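Structure data follow from target07.txt (compact mmCIF, C-alpha atoms and all ligand atoms):
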```
# COMPACT_ATOMS: atom_id res chain seq x y z
CA MET A 1 -9.05 1.93 -21.48
CA SER A 2 -5.53 0.62 -21.79
CA GLY A 3 -6.24 -1.71 -24.71
CA ARG A 4 -4.63 -4.59 -22.85
CA ARG A 5 -6.67 -7.72 -22.33
CA LEU A 6 -8.15 -7.91 -18.90
CA ILE A 7 -8.06 -11.63 -18.40
CA ASP A 8 -6.71 -14.47 -20.49
CA ASP A 9 -9.38 -16.55 -22.09
CA CYS A 10 -9.01 -19.48 -19.74
CA PHE A 11 -11.58 -21.75 -18.24
CA LEU A 12 -12.20 -22.76 -14.69
CA HIS A 13 -9.42 -24.88 -13.25
CA ASP A 14 -10.39 -28.54 -12.98
CA LYS A 15 -9.30 -28.99 -9.38
CA ASP A 16 -11.80 -29.09 -6.58
CA ARG A 17 -9.92 -26.50 -4.54
CA LEU A 18 -6.86 -24.45 -5.28
CA THR A 19 -4.13 -23.93 -2.72
CA HIS A 20 -3.34 -20.42 -1.53
CA THR A 21 -0.23 -20.31 -3.71
CA GLU A 22 -2.10 -21.57 -6.78
CA THR A 23 -4.82 -18.98 -6.18
CA LEU A 24 -2.33 -16.12 -6.04
CA ALA A 25 -0.63 -17.37 -9.20
CA LEU A 26 -3.94 -17.70 -11.04
CA ILE A 27 -5.19 -14.23 -10.10
CA ARG A 28 -1.83 -12.70 -10.91
CA GLU A 29 -1.59 -14.41 -14.29
CA ARG A 30 -5.11 -13.52 -15.39
CA LEU A 31 -5.32 -9.87 -14.39
CA ALA A 32 -3.82 -6.81 -16.05
CA ARG A 33 -4.25 -3.09 -15.78
CA VAL A 34 -7.72 -1.82 -16.81
CA THR A 35 -7.57 1.86 -15.95
CA GLY A 36 -6.95 4.83 -18.22
CA THR A 37 -5.02 7.94 -17.20
CA GLU A 38 -5.96 11.29 -15.76
CA THR A 39 -4.04 14.40 -14.75
CA VAL A 40 -4.27 15.45 -11.12
CA ALA A 41 -2.80 18.25 -9.02
CA ILE A 42 0.03 16.95 -6.86
CA GLU A 43 -1.94 17.75 -3.72
CA ALA A 44 -4.40 15.02 -4.79
CA ALA A 45 -1.80 12.54 -6.05
CA ALA A 46 -0.76 10.69 -2.87
CA GLY A 47 -1.61 6.97 -3.11
CA ARG A 48 -2.17 7.08 -6.88
CA PHE A 49 -0.28 4.97 -9.43
CA LEU A 50 1.96 6.95 -11.76
CA ALA A 51 1.07 6.71 -15.43
CA GLU A 52 4.31 8.23 -16.74
CA PRO A 53 7.92 8.29 -15.58
CA VAL A 54 9.03 11.33 -13.61
CA VAL A 55 12.27 12.86 -14.92
CA ALA A 56 14.17 15.72 -13.27
CA PRO A 57 13.84 18.73 -15.59
CA ARG A 58 16.79 20.48 -13.93
CA ASN A 59 19.26 20.09 -11.11
CA VAL A 60 17.94 20.01 -7.55
CA PRO A 61 19.20 22.16 -5.97
CA LEU A 62 19.58 24.48 -8.92
CA HIS A 63 22.68 26.25 -7.50
CA ALA A 64 25.41 25.31 -5.08
CA ASN A 65 24.29 26.79 -1.78
CA SER A 66 25.25 27.00 1.85
CA ALA A 67 24.10 24.27 4.25
CA VAL A 68 24.63 26.49 7.31
CA ASP A 69 24.74 30.08 8.53
CA GLY A 70 28.41 31.19 8.39
CA TYR A 71 31.17 32.52 6.15
CA ALA A 72 31.86 31.43 2.55
CA PHE A 73 35.44 31.58 1.30
CA ALA A 74 37.93 30.07 -1.18
CA HIS A 75 39.62 27.17 0.59
CA ASP A 76 42.85 27.38 -1.44
CA GLY A 77 43.31 31.08 -0.69
CA LEU A 78 42.96 30.83 3.11
CA PRO A 79 45.94 32.55 4.76
CA GLY A 80 47.99 30.78 7.48
CA GLY A 81 46.21 32.50 10.40
CA GLY A 82 42.80 31.85 8.85
CA GLU A 83 41.86 35.58 8.98
CA LEU A 84 39.69 37.02 6.19
CA ALA A 85 37.97 40.36 5.66
CA VAL A 86 34.19 40.10 5.80
CA GLY A 87 32.80 40.87 2.34
CA PRO A 88 29.27 40.79 0.91
CA ARG A 89 26.23 39.59 2.86
CA ILE A 90 24.14 36.93 1.06
CA ALA A 91 20.84 35.54 2.37
CA ALA A 92 18.60 32.78 0.94
CA GLY A 93 16.89 34.04 -2.21
CA ASP A 94 19.43 36.87 -2.87
CA ILE A 95 20.79 37.05 -6.37
CA GLY A 96 23.10 39.38 -8.27
CA HIS A 97 25.76 39.67 -5.58
CA GLN A 98 29.36 40.33 -6.62
CA ALA A 99 32.14 37.73 -6.70
CA VAL A 100 34.14 37.35 -3.51
CA GLU A 101 37.75 38.48 -3.93
CA ALA A 102 40.80 36.65 -2.60
CA GLY A 103 41.37 37.39 1.10
CA LYS A 104 37.64 37.92 1.77
CA ALA A 105 34.75 35.84 3.10
CA ALA A 106 31.07 36.41 2.37
CA ARG A 107 28.63 36.48 5.29
CA ILE A 108 26.22 33.73 4.15
CA PHE A 109 23.02 32.09 5.41
CA THR A 110 21.47 28.63 4.98
CA GLY A 111 20.14 28.12 1.47
CA ALA A 112 21.89 31.17 0.00
CA VAL A 113 23.60 30.74 -3.38
CA MET A 114 27.37 30.28 -3.08
CA PRO A 115 28.99 33.42 -4.51
CA GLU A 116 31.57 33.13 -7.24
CA GLY A 117 35.09 32.84 -5.84
CA THR A 118 34.07 30.63 -2.88
CA ASP A 119 33.86 26.87 -2.39
CA THR A 120 33.70 26.29 1.38
CA VAL A 121 31.59 27.55 4.28
CA ALA A 122 32.65 27.83 7.92
CA MET A 123 29.80 27.60 10.47
CA GLN A 124 29.28 30.83 12.34
CA GLU A 125 29.58 28.96 15.68
CA ASP A 126 33.16 27.95 14.75
CA CYS A 127 34.30 31.45 13.65
CA THR A 128 35.60 34.42 15.66
CA LEU A 129 34.86 37.97 14.58
CA SER A 130 37.20 40.85 15.35
CA GLY A 131 37.76 44.44 14.32
CA ASP A 132 34.08 45.34 14.90
CA GLY A 133 33.04 42.47 12.73
CA GLY A 134 35.24 43.47 9.81
CA THR A 135 37.45 40.39 10.10
CA VAL A 136 36.62 36.75 10.63
CA ALA A 137 38.94 33.96 11.82
CA ILE A 138 38.13 30.71 9.99
CA PRO A 139 39.01 27.40 11.72
CA GLN A 140 41.98 25.74 10.04
CA ALA A 141 40.85 22.11 9.99
CA LEU A 142 37.89 22.65 7.65
CA LYS A 143 37.88 20.49 4.48
CA LYS A 144 37.51 22.08 1.06
CA GLY A 145 33.80 22.05 0.10
CA ALA A 146 32.60 21.72 3.71
CA ASN A 147 29.04 22.87 4.42
CA VAL A 148 28.23 23.38 0.75
CA ARG A 149 25.34 21.66 -1.02
CA ARG A 150 26.40 21.00 -4.61
CA ALA A 151 24.10 21.87 -7.51
CA GLY A 152 22.23 18.68 -8.43
CA GLU A 153 23.36 16.79 -5.31
CA ASP A 154 19.79 15.78 -4.48
CA VAL A 155 18.80 14.94 -8.08
CA THR A 156 20.79 15.58 -11.27
CA ALA A 157 18.96 17.02 -14.30
CA GLY A 158 17.71 14.28 -16.64
CA ILE A 159 17.61 11.48 -14.06
CA ARG A 160 14.49 9.31 -14.13
CA VAL A 161 13.45 9.08 -10.50
CA LEU A 162 10.03 7.38 -10.56
CA GLU A 163 8.65 4.72 -12.88
CA PRO A 164 5.12 4.18 -14.22
CA GLY A 165 3.10 2.00 -11.84
CA HIS A 166 4.86 3.42 -8.77
CA ARG A 167 2.46 4.26 -5.97
CA LEU A 168 3.03 7.85 -4.90
CA ARG A 169 4.09 8.30 -1.28
CA PRO A 170 4.49 11.64 0.51
CA GLN A 171 8.24 11.66 -0.18
CA ASP A 172 7.58 11.07 -3.90
CA ILE A 173 5.17 14.01 -3.94
CA ALA A 174 7.92 16.10 -2.31
CA THR A 175 10.31 15.06 -5.08
CA ILE A 176 7.83 16.02 -7.82
CA ALA A 177 7.15 19.36 -6.13
CA SER A 178 10.92 19.97 -5.83
CA PHE A 179 11.07 19.67 -9.65
CA GLY A 180 8.51 22.46 -9.97
CA ILE A 181 5.90 20.08 -11.38
CA GLY A 182 2.39 20.85 -10.13
CA GLU A 183 0.31 18.30 -12.05
CA ILE A 184 0.99 14.68 -12.79
CA SER A 185 -0.45 11.92 -14.95
CA VAL A 186 -1.77 9.02 -12.87
CA ARG A 187 -4.01 6.00 -13.40
CA ALA A 188 -7.74 6.59 -13.01
CA PRO A 189 -9.30 4.90 -9.98
CA VAL A 190 -10.63 1.35 -10.41
CA ARG A 191 -14.43 1.53 -10.46
CA VAL A 192 -15.68 -0.97 -7.89
CA ALA A 193 -19.33 -1.95 -7.38
CA LEU A 194 -19.69 -3.06 -3.76
CA ILE A 195 -22.56 -5.46 -3.12
CA SER A 196 -23.76 -7.16 0.06
CA THR A 197 -26.05 -10.16 -0.21
CA GLY A 198 -28.38 -11.72 2.35
CA ASN A 199 -32.06 -11.51 3.36
CA GLU A 200 -30.98 -11.01 6.95
CA LEU A 201 -28.95 -7.85 6.33
CA LEU A 202 -29.82 -4.26 7.11
CA ARG A 203 -27.89 -1.04 7.22
CA PRO A 204 -26.79 0.69 10.43
CA GLY A 205 -29.21 3.38 11.52
CA MET A 206 -32.24 1.16 10.96
CA ALA A 207 -34.07 -0.60 13.79
CA ILE A 208 -33.08 -4.27 13.99
CA LYS A 209 -35.69 -7.04 14.16
CA PRO A 210 -35.21 -10.65 15.26
CA GLY A 211 -33.21 -12.62 12.72
CA GLN A 212 -31.48 -9.58 11.29
CA VAL A 213 -27.77 -8.71 11.09
CA TYR A 214 -26.25 -5.32 10.35
CA ASP A 215 -24.32 -5.14 7.10
CA SER A 216 -20.87 -4.64 8.59
CA ASN A 217 -19.08 -6.02 5.54
CA HIS A 218 -20.03 -3.09 3.34
CA PHE A 219 -18.41 -0.62 5.71
CA MET A 220 -15.43 -2.85 6.43
CA LEU A 221 -14.69 -3.37 2.73
CA ARG A 222 -15.19 0.30 1.94
CA ALA A 223 -12.71 1.19 4.68
CA LEU A 224 -10.24 -1.46 3.45
CA CYS A 225 -10.50 0.08 -0.02
CA SER A 226 -9.80 3.55 1.32
CA SER A 227 -6.06 2.86 1.16
CA LEU A 228 -6.33 2.03 -2.56
CA PRO A 229 -7.05 4.20 -5.61
CA VAL A 230 -10.57 2.87 -6.16
CA ALA A 231 -13.94 4.56 -6.64
CA ILE A 232 -16.68 2.68 -4.79
CA THR A 233 -20.30 2.51 -5.90
CA ASP A 234 -22.58 1.39 -3.08
CA CYS A 235 -24.89 -1.12 -4.76
CA GLY A 236 -26.66 -1.84 -1.50
CA ILE A 237 -27.91 -5.15 -0.17
CA LEU A 238 -29.31 -7.85 -2.48
CA ALA A 239 -31.97 -10.30 -1.30
CA ASP A 240 -31.19 -14.01 -1.62
CA ASP A 241 -33.18 -14.27 -4.81
CA ALA A 242 -31.63 -15.55 -8.05
CA THR A 243 -33.47 -13.12 -10.32
CA ALA A 244 -32.65 -10.09 -8.18
CA VAL A 245 -28.99 -11.10 -7.86
CA GLU A 246 -28.61 -11.67 -11.60
CA ALA A 247 -30.27 -8.39 -12.53
CA ALA A 248 -28.17 -6.35 -10.10
CA ILE A 249 -24.91 -8.01 -11.09
CA ALA A 250 -25.57 -7.68 -14.82
CA GLY A 251 -26.33 -3.99 -14.28
CA ALA A 252 -23.21 -3.36 -12.20
CA ALA A 253 -20.97 -5.20 -14.70
CA ALA A 254 -21.92 -2.77 -17.46
CA ASN A 255 -20.23 0.24 -15.91
CA HIS A 256 -17.66 -1.02 -13.41
CA ASP A 257 -14.19 -2.52 -13.61
CA VAL A 258 -14.81 -4.78 -10.63
CA ILE A 259 -17.80 -6.23 -8.79
CA LEU A 260 -16.96 -7.04 -5.18
CA THR A 261 -19.61 -9.00 -3.33
CA SER A 262 -19.82 -10.53 0.11
CA GLY A 263 -22.07 -13.39 1.16
CA GLY A 264 -24.04 -15.95 -0.80
CA ALA A 265 -20.77 -17.46 -1.94
CA SER A 266 -21.30 -21.12 -1.04
CA ARG A 267 -23.39 -23.73 -2.84
CA GLY A 268 -26.43 -23.57 -0.55
CA GLU A 269 -29.96 -23.07 -1.87
CA GLU A 270 -29.86 -19.50 -0.64
CA ASP A 271 -26.52 -18.75 -2.31
CA HIS A 272 -26.76 -17.27 -5.79
CA ILE A 273 -23.34 -15.82 -6.51
CA VAL A 274 -21.67 -18.83 -8.11
CA THR A 275 -24.67 -19.65 -10.31
CA THR A 276 -24.91 -16.00 -11.36
CA ILE A 277 -21.26 -15.83 -12.45
CA ASP A 278 -21.68 -19.07 -14.38
CA LYS A 279 -24.81 -17.78 -16.07
CA LEU A 280 -23.62 -14.27 -16.93
CA GLY A 281 -19.91 -14.80 -17.39
CA LYS A 282 -17.03 -17.08 -16.57
CA ARG A 283 -15.75 -18.41 -13.31
CA HIS A 284 -11.99 -18.80 -12.88
CA LEU A 285 -11.92 -19.93 -9.29
CA TRP A 286 -14.35 -20.92 -6.62
CA GLN A 287 -12.86 -22.71 -3.64
CA ILE A 288 -9.55 -22.15 -1.90
CA ALA A 289 -7.93 -24.51 0.59
CA ILE A 290 -7.62 -21.92 3.32
CA LYS A 291 -9.26 -21.02 6.61
CA PRO A 292 -11.02 -18.71 7.00
CA GLY A 293 -12.51 -18.11 3.59
CA ARG A 294 -12.88 -21.29 1.57
CA PRO A 295 -15.72 -20.18 -0.76
CA MET A 296 -14.06 -17.25 -2.51
CA SER A 297 -14.91 -16.79 -6.16
CA PHE A 298 -13.06 -15.04 -8.93
CA GLY A 299 -14.48 -14.66 -12.41
CA GLN A 300 -15.47 -12.20 -15.05
CA ILE A 301 -18.67 -10.88 -16.54
CA GLY A 302 -17.61 -9.50 -19.88
CA ASP A 303 -14.65 -7.28 -19.08
CA CYS A 304 -15.74 -6.76 -15.49
CA VAL A 305 -13.75 -8.69 -12.89
CA PHE A 306 -15.88 -10.50 -10.34
CA LEU A 307 -14.54 -10.98 -6.81
CA GLY A 308 -16.97 -12.85 -4.56
CA LEU A 309 -16.08 -12.87 -0.88
CA PRO A 310 -17.57 -15.15 1.77
CA GLY A 311 -20.15 -13.51 4.04
CA ASN A 312 -18.53 -14.14 7.38
CA PRO A 313 -16.77 -10.89 8.28
CA VAL A 314 -13.43 -12.47 9.23
CA ALA A 315 -13.36 -14.57 6.06
CA ALA A 316 -14.29 -11.53 3.96
CA PHE A 317 -11.57 -9.47 5.64
CA VAL A 318 -8.83 -12.08 5.22
CA CYS A 319 -9.76 -12.91 1.60
CA PHE A 320 -9.89 -9.22 0.74
CA LEU A 321 -6.37 -8.67 2.09
CA LEU A 322 -4.89 -11.78 0.51
CA TYR A 323 -6.55 -11.78 -2.93
CA CYS A 324 -8.67 -8.70 -3.65
CA ARG A 325 -6.17 -6.08 -2.54
CA PRO A 326 -3.35 -7.26 -4.82
CA ALA A 327 -5.91 -7.77 -7.62
CA LEU A 328 -7.14 -4.17 -7.25
CA MET A 329 -3.53 -2.93 -7.29
CA VAL A 330 -2.80 -4.69 -10.57
CA LEU A 331 -6.10 -3.61 -12.17
CA GLY A 332 -5.33 -0.04 -11.11
CA GLY A 333 -1.94 -0.02 -12.81
CA GLY A 334 0.33 -0.96 -9.91
CA ALA A 335 2.57 -3.92 -9.27
CA TRP A 336 1.48 -7.18 -7.68
CA ALA A 337 2.17 -6.75 -3.97
CA GLU A 338 3.10 -9.58 -1.64
CA PRO A 339 2.64 -8.80 2.06
CA GLN A 340 5.68 -8.64 4.30
CA ARG A 341 6.14 -11.80 6.38
CA TYR A 342 8.17 -11.86 9.57
CA PRO A 343 9.18 -15.25 11.03
CA LEU A 344 8.82 -14.83 14.78
CA PRO A 345 8.49 -17.12 17.83
CA ALA A 346 4.96 -18.18 18.77
CA GLY A 347 3.71 -17.23 22.22
CA PHE A 348 0.91 -19.84 22.05
CA GLU A 349 0.29 -23.53 21.40
CA ILE A 350 -1.96 -25.28 18.89
CA THR A 351 -2.26 -29.04 18.59
CA ASN A 352 -5.15 -29.69 16.24
CA LYS A 353 -4.68 -27.85 12.97
CA LYS A 354 -6.03 -29.73 9.98
CA PRO A 355 -3.46 -30.58 7.33
CA ASP A 356 -3.94 -29.70 3.66
CA ARG A 357 -5.13 -26.20 4.19
CA ARG A 358 -3.41 -22.93 5.00
CA GLU A 359 -4.71 -21.04 7.99
CA PHE A 360 -4.61 -17.35 8.78
CA TRP A 361 -5.11 -16.64 12.47
CA ARG A 362 -5.60 -13.28 14.05
CA GLY A 363 -2.68 -12.18 16.22
CA TRP A 364 -0.48 -9.43 17.54
CA LEU A 365 3.09 -8.83 18.69
CA GLU A 366 4.23 -8.50 22.26
CA THR A 367 7.67 -8.13 23.80
CA ASP A 368 8.80 -10.95 26.11
CA PRO A 369 10.72 -10.23 29.37
CA GLN A 370 14.02 -10.48 27.43
CA GLY A 371 12.84 -7.77 25.05
CA ARG A 372 12.27 -10.14 22.10
CA PRO A 373 9.12 -10.01 19.96
CA VAL A 374 6.64 -12.85 20.47
CA VAL A 375 3.45 -13.54 18.50
CA ARG A 376 0.17 -13.91 20.41
CA LYS A 377 -2.93 -15.51 18.92
CA PHE A 378 -6.55 -14.45 19.44
CA PRO A 379 -7.85 -17.50 21.32
CA ARG A 380 -11.18 -17.94 19.50
CA ASP A 381 -11.43 -19.07 15.89
CA GLY A 382 -14.99 -18.25 14.74
CA SER A 383 -15.01 -16.47 11.41
CA GLY A 384 -17.94 -14.32 12.51
CA LEU A 385 -15.92 -12.77 15.34
CA ILE A 386 -15.00 -9.24 14.38
CA SER A 387 -13.48 -9.05 17.89
CA GLY A 388 -10.49 -11.12 16.72
CA LEU A 389 -9.78 -8.67 13.93
CA ARG A 390 -10.12 -5.79 16.33
CA GLU A 391 -7.72 -7.25 18.88
CA ALA A 392 -5.19 -8.21 16.21
CA SER A 393 -2.47 -6.20 14.51
CA GLY A 394 -1.81 -8.82 11.85
CA LEU A 395 -2.34 -12.33 10.54
CA ILE A 396 -0.45 -15.45 11.57
CA GLU A 397 0.09 -17.62 8.49
CA ILE A 398 0.33 -21.37 9.08
CA SER A 399 1.25 -23.45 6.05
CA GLU A 400 -0.61 -26.54 4.84
CA ASP A 401 1.89 -29.08 6.13
CA ARG A 402 1.79 -27.99 9.77
CA THR A 403 -0.66 -29.58 12.21
CA SER A 404 0.62 -28.06 15.45
CA VAL A 405 2.53 -25.11 16.82
CA ALA A 406 4.49 -25.28 20.08
CA ALA A 407 5.43 -22.21 22.11
CA GLY A 408 8.66 -20.81 20.68
CA ASP A 409 8.16 -22.34 17.20
CA SER A 410 8.64 -19.90 14.37
CA VAL A 411 5.42 -18.64 12.74
CA ASP A 412 4.99 -16.10 9.95
CA PHE A 413 3.45 -12.81 11.09
CA LEU A 414 1.91 -10.53 8.43
CA PRO A 415 1.33 -7.09 9.96
CA PHE A 416 -1.87 -5.35 8.92
CA SER A 417 0.28 -2.33 8.03
CA SER A 418 1.64 -4.25 5.05
CA PHE A 419 -1.96 -4.42 3.76
CA GLY A 420 -2.42 -0.66 4.02
CA ILE A 421 -4.22 -0.75 7.38
CA SER A 422 -2.61 1.97 9.44
CA THR A 423 -2.83 2.35 13.17
P1 LIG B 501 -23.18 -16.38 3.60
O1 LIG B 501 -21.81 -16.35 2.99
O2 LIG B 501 -24.17 -15.56 2.85
O3 LIG B 501 -23.64 -17.78 3.84
O4 LIG B 501 -23.03 -15.70 5.02
C1 LIG B 501 -22.24 -16.27 6.04
C2 LIG B 501 -22.45 -15.52 7.34
O5 LIG B 501 -22.00 -14.19 7.19
C3 LIG B 501 -23.89 -15.42 7.77
O6 LIG B 501 -23.94 -15.57 9.17
C4 LIG B 501 -24.29 -14.02 7.37
O7 LIG B 501 -25.33 -13.49 8.14
C5 LIG B 501 -23.01 -13.26 7.55
N1 LIG B 501 -22.95 -12.13 6.63
C6 LIG B 501 -23.16 -12.17 5.30
N2 LIG B 501 -23.05 -10.95 4.76
C7 LIG B 501 -22.77 -10.11 5.78
C8 LIG B 501 -22.55 -8.71 5.86
N3 LIG B 501 -22.62 -7.95 4.77
N4 LIG B 501 -22.29 -8.17 7.06
C9 LIG B 501 -22.23 -8.96 8.18
N5 LIG B 501 -22.43 -10.29 8.15
C10 LIG B 501 -22.70 -10.87 6.97
MG MG B 502 -26.16 -15.32 2.87
```
Represent the supplied structure as structure tokens.
Ligand code: AMP
Ligand code: MG
Amino acid sequence: MSGRRLIDDCFLHDKDRLTHTETLALIRERLARVTGTETVAIEAAAGRFLAEPVVAPRNVPLHANSAVDGYAFAHDGLPGGGELAVGPRIAAGDIGHQAVEAGKAARIFTGAVMPEGTDTVAMQEDCTLSGDGGTVAIPQALKKGANVRRAGEDVTAGIRVLEPGHRLRPQDIATIASFGIGEISVRAPVRVALISTGNELLRPGMAIKPGQVYDSNHFMLRALCSSLPVAITDCGILADDATAVEAAIAGAAANHDVILTSGGASRGEEDHIVTTIDKLGKRHLWQIAIKPGRPMSFGQIGDCVFLGLPGNPVAAFVCFLLYCRPALMVLGGGAWAEPQRYPLPAGFEITNKKPDRREFWRGWLETDPQGRPVVRKFPRDGSGLISGLREASGLIEISEDRTSVAAGDSVDFLPFSSFGIST
């Protein structure tokens, strides 16, 4: 454990509903890193949060070397005609070759160490050999230092290239490998207990009976988490029964950093999530003025963070992206991440949006006949329609104050890729 406090000791806000912006601020302010560190091989480090800075232990590259196949020579000593005697032959990986004397050029290959006495390389394609290859004519216009990679030109020894909390991308792994470092200290995965709730739910693979619904949220949330450093425990499906819900949630809280539920999140007689958080722990947030996804809860049971998503798949998906994903990043030792927003012209019309709530519609980008991007909207709004998520490549964010959108109006488009959903 990090020793930092997970959540400030605050009580539930006194407002009926928080706005989207207030919700983000509240989650951000009350969460901190919970994970310890572990050492992993760099082949397993992509996507993990760094626990320590990465500092270059030496210059990369270690030696000045040739960027091309050609002839290495001393620029200042080049005679008027550009003719030099061909001296030693140096390939990548060769060491211990002699210095190149004045009036000579070394035959050199890409990646080979620059021999002493040389500072410039002429590409073989630009040179002319004569005298059975014993003499080479170097082009005159070449600048001193051309085609040479300086020692340390990629990274200089002692430079701090990556900071703690940075999420390791393939190019960062390449950097660490280029330093000769094979293991790295990263944050342990966030331990997430994933719970579905609802008497009607069953798992795929089982025969469905009237009144039943397959538990798609479990698999959707698991897949959404796959782009984050989290370790999921499948806690199955809970019946809509207060005692069963309380027992399962109390059990999960004991050995997880986060409980992530879907369903049972409203105040109906069959909904037990809110009452369970209130009974076992503390609730920080319950309702958000957004669509889809109003009944989203955020609380804690002891040190375990509770994130309660609505049951409707679209609402669960949207709330996960907007609130749970950044929360999991922070808990895992990363930075709070705001999605990228692109203001783009709408290729649709809406006349009846309710004021006082922010809406997140499902949409995608197309190119209009003039080659400009235009945002299309999935025409149906139901928050049970997984089809809209499937058709879409992002969310269209419409702020509280807007009640209509005309074709050509600017709307904010949030591509799914900025939430870690790759194509
Ligand atoms: P609830 O939030 O429990 O009132 O559920 C709202 C709607 O979402 C209901 O139609 C549920 O059947 C549906 N739902 C709840 N949980 C899931 C789930 N895990 N997978 C698919 N649909 C669900
Ligand atoms: Mg339910």
Identify the residues within 12 Å of coordinate (-9.0, -7.9, -3.4) (same frame as the file), considering only C-alpha atoms, and give the answer as an mmCIF file with C-alpha atoms, keeping the file's coordinate frame.
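Saved as out23.cif:
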```
data_model
loop_
_atom_site.group_PDB
_atom_site.id
_atom_site.type_symbol
_atom_site.label_atom_id
_atom_site.label_comp_id
_atom_site.auth_asym_id
_atom_site.auth_seq_id
_atom_site.Cartn_x
_atom_site.Cartn_y
_atom_site.Cartn_z
ATOM 1 C CA LEU A 24 -2.330 -16.120 -6.040
ATOM 2 C CA ILE A 27 -5.190 -14.230 -10.100
ATOM 3 C CA ARG A 28 -1.830 -12.700 -10.910
ATOM 4 C CA LEU A 31 -5.320 -9.870 -14.390
ATOM 5 C CA VAL A 190 -10.630 1.350 -10.410
ATOM 6 C CA VAL A 192 -15.680 -0.970 -7.890
ATOM 7 C CA LEU A 194 -19.690 -3.060 -3.760
ATOM 8 C CA LEU A 221 -14.690 -3.370 2.730
ATOM 9 C CA ARG A 222 -15.190 0.300 1.940
ATOM 10 C CA LEU A 224 -10.240 -1.460 3.450
ATOM 11 C CA CYS A 225 -10.500 0.080 -0.020
ATOM 12 C CA LEU A 228 -6.330 2.030 -2.560
ATOM 13 C CA VAL A 230 -10.570 2.870 -6.160
ATOM 14 C CA VAL A 258 -14.810 -4.780 -10.630
ATOM 15 C CA ILE A 259 -17.800 -6.230 -8.790
ATOM 16 C CA LEU A 260 -16.960 -7.040 -5.180
ATOM 17 C CA THR A 261 -19.610 -9.000 -3.330
ATOM 18 C CA SER A 262 -19.820 -10.530 0.110
ATOM 19 C CA MET A 296 -14.060 -17.250 -2.510
ATOM 20 C CA SER A 297 -14.910 -16.790 -6.160
ATOM 21 C CA PHE A 298 -13.060 -15.040 -8.930
ATOM 22 C CA VAL A 305 -13.750 -8.690 -12.890
ATOM 23 C CA PHE A 306 -15.880 -10.500 -10.340
ATOM 24 C CA LEU A 307 -14.540 -10.980 -6.810
ATOM 25 C CA GLY A 308 -16.970 -12.850 -4.560
ATOM 26 C CA LEU A 309 -16.080 -12.870 -0.880
ATOM 27 C CA ALA A 316 -14.290 -11.530 3.960
ATOM 28 C CA PHE A 317 -11.570 -9.470 5.640
ATOM 29 C CA VAL A 318 -8.830 -12.080 5.220
ATOM 30 C CA CYS A 319 -9.760 -12.910 1.600
ATOM 31 C CA PHE A 320 -9.890 -9.220 0.740
ATOM 32 C CA LEU A 321 -6.370 -8.670 2.090
ATOM 33 C CA LEU A 322 -4.890 -11.780 0.510
ATOM 34 C CA TYR A 323 -6.550 -11.780 -2.930
ATOM 35 C CA CYS A 324 -8.670 -8.700 -3.650
ATOM 36 C CA ARG A 325 -6.170 -6.080 -2.540
ATOM 37 C CA PRO A 326 -3.350 -7.260 -4.820
ATOM 38 C CA ALA A 327 -5.910 -7.770 -7.620
ATOM 39 C CA LEU A 328 -7.140 -4.170 -7.250
ATOM 40 C CA MET A 329 -3.530 -2.930 -7.290
ATOM 41 C CA VAL A 330 -2.800 -4.690 -10.570
ATOM 42 C CA LEU A 331 -6.100 -3.610 -12.170
ATOM 43 C CA GLY A 332 -5.330 -0.040 -11.110
ATOM 44 C CA TRP A 336 1.480 -7.180 -7.680
ATOM 45 C CA ALA A 337 2.170 -6.750 -3.970
ATOM 46 C CA PHE A 419 -1.960 -4.420 3.760
#
```
Write out as a tab-separated table (two decimals) with C-alpha atoms, in the coordinates of the input which residues come within 8 Å of Arg48 (chain A) when counting all atoms listed in the file, dropping same-chain ones fewer than 5 positions away.
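Now in result.tsv:
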```tsv
chain	number	residue	atom	x	y	z
A	167	ARG	CA	2.46	4.26	-5.97
A	168	LEU	CA	3.03	7.85	-4.90
A	186	VAL	CA	-1.77	9.02	-12.87
A	187	ARG	CA	-4.01	6.00	-13.40
A	228	LEU	CA	-6.33	2.03	-2.56
A	229	PRO	CA	-7.05	4.20	-5.61
```
Using all atoms listed in the file, the shortest atom-to-atom distance to ligand LIG 501 (chain B) among A:Pro415, A:Gly264, A:Gly371, A:Gly382 belongs to A:Gly264
Just want the residues within 8 Å of ligand MG 502 (chain B), written as an mmCIF file with C-alpha atoms, in the frame of the given file, counting only C-alpha atoms and all ligand atoms.
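Result file is part.cif:
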```cif
data_model
loop_
_atom_site.group_PDB
_atom_site.id
_atom_site.type_symbol
_atom_site.label_atom_id
_atom_site.label_comp_id
_atom_site.auth_asym_id
_atom_site.auth_seq_id
_atom_site.Cartn_x
_atom_site.Cartn_y
_atom_site.Cartn_z
ATOM 1 C CA THR A 197 -26.050 -10.160 -0.210
ATOM 2 C CA GLY A 198 -28.380 -11.720 2.350
ATOM 3 C CA ASN A 199 -32.060 -11.510 3.360
ATOM 4 C CA GLU A 200 -30.980 -11.010 6.950
ATOM 5 C CA ASP A 240 -31.190 -14.010 -1.620
ATOM 6 C CA GLY A 263 -22.070 -13.390 1.160
ATOM 7 C CA GLY A 264 -24.040 -15.950 -0.800
ATOM 8 C CA ALA A 265 -20.770 -17.460 -1.940
ATOM 9 C CA GLU A 270 -29.860 -19.500 -0.640
ATOM 10 C CA ASP A 271 -26.520 -18.750 -2.310
ATOM 11 C CA GLY A 311 -20.150 -13.510 4.040
#
```
Using all atoms of ligand LIG 501 (chain B) listed in the file and a margin of 6 Å per side, can you give the axis-aligned box centre and edge lengths in Å to one decimal, as AutoDock Vina command-line options?
```
--center_x -23.6 --center_y -12.9 --center_z 6.0 --size_x 15.5 --size_y 21.8 --size_z 18.3
```
